[in-house]
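Colleague: The structure's right below; bear with me while I get my questions together.
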Amino acid sequence: MAQPDAVGLVVAYLRAQHHLSGATLVTERPEDLAGSLPVLLVEAVGAPVRSRLPWARQVRWRIGLQAWADADQVETLIYGALTALLAARGVRLPEGGRIVRVDPAAEPTEVPDRKAADGVRRVVTTVDVSVGY
């Protein structure tokens with residue numbers, strides 16, 4: 001059985017969240033950030049970890065989140081995404097696959113972005129996402 005794509009599951013779950021409907025969700029950094037603000041980037045960080053136990057049907061992924069938005073919106077965006085993900089336990093998505101559990105791996109941190117326009121801030125964080133199949 002093929003393992004689910006954790007990035008795809010996370011993006012599908014976040015797209016279904018009403019409070020994030022104004023954000024552009026992407027899996028690669030857009031060339032022109034200013035034209036699509038606010039932006040939330042979801043990406044895999046490293047390789048997934050699979051249990052050696054034959055009956056364990058879960059894979060654990062480290063997922064990076066990067067948010068770009070105006071200074072007064074960026075923290076609302078990143079914490080809104082984190083809150084939604086941390087509430088996702090046992091969520092089965094119509095596309096297939098299941099988010100079993102999400103744990104924070106790092107606090108949201110502001111990271112300067114020289115390519116972003118003035119007044120646009122970037123905040124990054126990581127979460128551990130266990131997905132089932």
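Going by the structure tokens order, chains are called A, B, ..., each with residues numbered from 1, while ligands are numbered from 1 in the order shown.
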I want to know what sits within 10 Å of Gly132 in chain A, based on only C-alpha atoms, with residues of the same chain fewer than 5 positions away left out; could you give that as a PyMOL selection string?

Modeller: chain A and resi 3-4+6+56-60+90-92+96-101

Colleague: Write the selection just made, keeping all heavy atoms, as a compact mmCIF listing (two decimals), in the first residue's frame?

Modeller:
# COMPACT_ATOMS: atom_id res chain seq x y z
N GLN A 3 2.27 4.93 0.70
CA GLN A 3 2.11 5.85 1.84
C GLN A 3 1.57 7.18 1.34
O GLN A 3 1.85 7.61 0.23
CB GLN A 3 3.43 6.04 2.56
CG GLN A 3 4.42 6.92 1.83
CD GLN A 3 5.73 7.02 2.58
OE1 GLN A 3 6.15 6.06 3.20
NE2 GLN A 3 6.36 8.16 2.53
N PRO A 4 0.74 7.82 2.16
CA PRO A 4 0.15 9.10 1.74
C PRO A 4 1.19 10.21 1.73
O PRO A 4 2.20 10.15 2.43
CB PRO A 4 -0.91 9.35 2.81
CG PRO A 4 -0.47 8.56 3.98
CD PRO A 4 0.28 7.38 3.47
N ALA A 6 2.26 13.47 2.94
CA ALA A 6 1.94 14.30 4.11
C ALA A 6 1.75 15.76 3.74
O ALA A 6 0.85 16.42 4.26
CB ALA A 6 3.02 14.16 5.17
N ALA A 56 2.60 -1.34 12.45
CA ALA A 56 2.47 0.12 12.56
C ALA A 56 2.26 0.69 11.15
O ALA A 56 3.14 0.60 10.31
CB ALA A 56 3.71 0.72 13.20
N ARG A 57 1.10 1.23 10.92
CA ARG A 57 0.77 1.76 9.60
C ARG A 57 0.76 3.28 9.62
O ARG A 57 -0.16 3.91 9.14
CB ARG A 57 -0.56 1.20 9.15
CG ARG A 57 -0.52 -0.31 8.98
CD ARG A 57 -1.89 -0.90 8.79
NE ARG A 57 -2.61 -0.29 7.69
CZ ARG A 57 -2.73 -0.82 6.49
NH1 ARG A 57 -2.16 -1.96 6.21
NH2 ARG A 57 -3.43 -0.21 5.56
N GLN A 58 1.81 3.85 10.23
CA GLN A 58 1.94 5.30 10.30
C GLN A 58 3.34 5.70 9.86
O GLN A 58 4.29 4.95 10.04
CB GLN A 58 1.73 5.80 11.73
CG GLN A 58 0.34 5.58 12.26
CD GLN A 58 0.22 6.11 13.67
OE1 GLN A 58 1.06 6.83 14.17
NE2 GLN A 58 -0.86 5.73 14.32
N VAL A 59 3.41 6.88 9.31
CA VAL A 59 4.69 7.47 8.91
C VAL A 59 4.73 8.86 9.51
O VAL A 59 3.75 9.60 9.50
CB VAL A 59 4.80 7.54 7.37
CG1 VAL A 59 6.13 8.15 6.95
CG2 VAL A 59 4.62 6.17 6.75
N ARG A 60 5.88 9.21 10.07
CA ARG A 60 6.04 10.52 10.72
C ARG A 60 6.89 11.43 9.83
O ARG A 60 7.99 11.06 9.45
CB ARG A 60 6.68 10.35 12.09
CG ARG A 60 6.66 11.57 12.93
CD ARG A 60 7.05 11.17 14.37
NE ARG A 60 6.92 12.24 15.30
CZ ARG A 60 5.82 12.58 15.91
NH1 ARG A 60 4.70 11.93 15.66
NH2 ARG A 60 5.79 13.57 16.75
N GLY A 90 -6.72 12.18 14.01
CA GLY A 90 -7.59 11.18 13.42
C GLY A 90 -8.43 11.71 12.28
O GLY A 90 -9.51 11.19 12.02
N VAL A 91 -7.95 12.72 11.59
CA VAL A 91 -8.72 13.33 10.49
C VAL A 91 -8.48 12.54 9.21
O VAL A 91 -7.36 12.44 8.73
CB VAL A 91 -8.31 14.81 10.29
CG1 VAL A 91 -8.99 15.39 9.07
CG2 VAL A 91 -8.61 15.62 11.52
N ARG A 92 -9.55 11.96 8.69
CA ARG A 92 -9.47 11.24 7.41
C ARG A 92 -9.93 12.20 6.32
O ARG A 92 -11.01 12.78 6.43
CB ARG A 92 -10.35 10.01 7.43
CG ARG A 92 -10.18 9.15 6.20
CD ARG A 92 -10.89 7.82 6.33
NE ARG A 92 -10.44 7.01 7.45
CZ ARG A 92 -9.35 6.24 7.45
NH1 ARG A 92 -8.58 6.20 6.38
NH2 ARG A 92 -9.04 5.51 8.50
N GLY A 96 -7.95 10.61 0.53
CA GLY A 96 -7.26 9.41 1.00
C GLY A 96 -6.20 9.79 2.01
O GLY A 96 -5.68 10.90 2.00
N GLY A 97 -5.90 8.89 2.89
CA GLY A 97 -4.91 9.16 3.92
C GLY A 97 -5.56 9.76 5.16
O GLY A 97 -6.73 10.18 5.14
N ARG A 98 -4.81 9.77 6.23
CA ARG A 98 -5.35 10.21 7.51
C ARG A 98 -4.25 10.93 8.29
O ARG A 98 -3.13 10.44 8.38
CB ARG A 98 -5.82 8.98 8.27
CG ARG A 98 -6.42 9.20 9.59
CD ARG A 98 -7.06 7.91 10.12
NE ARG A 98 -6.21 6.75 10.02
CZ ARG A 98 -5.49 6.26 11.02
NH1 ARG A 98 -5.53 6.82 12.20
NH2 ARG A 98 -4.74 5.20 10.85
N ILE A 99 -4.56 12.10 8.82
CA ILE A 99 -3.65 12.78 9.74
C ILE A 99 -3.95 12.20 11.12
O ILE A 99 -5.03 12.39 11.66
CB ILE A 99 -3.86 14.30 9.73
CG1 ILE A 99 -3.53 14.87 8.34
CG2 ILE A 99 -2.98 14.97 10.80
CD1 ILE A 99 -3.81 16.36 8.20
N VAL A 100 -3.00 11.47 11.66
CA VAL A 100 -3.19 10.78 12.93
C VAL A 100 -2.93 11.74 14.09
O VAL A 100 -3.70 11.81 15.04
CB VAL A 100 -2.26 9.56 13.04
CG1 VAL A 100 -2.38 8.89 14.40
CG2 VAL A 100 -2.54 8.58 11.92
N ARG A 101 -1.84 12.49 13.99
CA ARG A 101 -1.44 13.36 15.09
C ARG A 101 -0.47 14.41 14.57
O ARG A 101 0.31 14.15 13.66
CB ARG A 101 -0.77 12.52 16.16
CG ARG A 101 -0.31 13.27 17.35
CD ARG A 101 0.45 12.33 18.30
NE ARG A 101 0.98 13.12 19.38
CZ ARG A 101 0.68 12.92 20.64
NH1 ARG A 101 -0.12 11.96 20.99
NH2 ARG A 101 1.21 13.68 21.57

Colleague: Can you pull out every residue from range 7-89 of chain A that DSSP, working from the backbone, puts in helix (DSSP H, G or I), and format the result as a list of chain:residue names?

Modeller: A:Val7, A:Gly8, A:Leu9, A:Val10, A:Val11, A:Ala12, A:Tyr13, A:Leu14, A:Arg15, A:His18, A:His19, A:Leu20, A:Ala34, A:Gly35, A:Ser36, A:Val74, A:Glu75, A:Thr76, A:Leu77, A:Ile78, A:Tyr79, A:Gly80, A:Ala81, A:Leu82, A:Thr83, A:Ala84, A:Leu85, A:Leu86

Colleague: Between A:Glu28, A:Asp118, A:Glu75, A:Asp70, which residue has the minimum interatomic distance to Val42 in chain A, considering only C-alpha atoms?

Modeller: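 Answer, going by the shortest atom-to-atom distance: A:Glu28.
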
Colleague: So that I can check the surroundings of range 85-87 of chain A, please list as an mmCIF file with C-alpha atoms, in the first residue's frame every protein, DNA and RNA residue that reaches within 8 Å of it, counting only C-alpha atoms and ignoring chain neighbours fewer than 6 positions away.

Modeller:
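Result saved to around_27.cif:
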data_model
loop_
_atom_site.group_PDB
_atom_site.id
_atom_site.type_symbol
_atom_site.label_atom_id
_atom_site.label_comp_id
_atom_site.auth_asym_id
_atom_site.auth_seq_id
_atom_site.Cartn_x
_atom_site.Cartn_y
_atom_site.Cartn_z
ATOM 1 C CA VAL A 10 -1.646 19.077 5.282
ATOM 2 C CA LEU A 14 -5.501 23.735 5.769
ATOM 3 C CA ARG A 101 -1.441 13.361 15.088
ATOM 4 C CA VAL A 102 0.431 16.671 14.840
ATOM 5 C CA ASP A 103 3.029 17.826 17.366
ATOM 6 C CA PRO A 104 4.890 21.142 17.402
#

Colleague: Given only C-alpha atoms as the basis, pick out the residue of A:Val120, A:Ala88, A:Val131, A:Leu82 nearest to Val7 in chain A.

Modeller: A:Val131
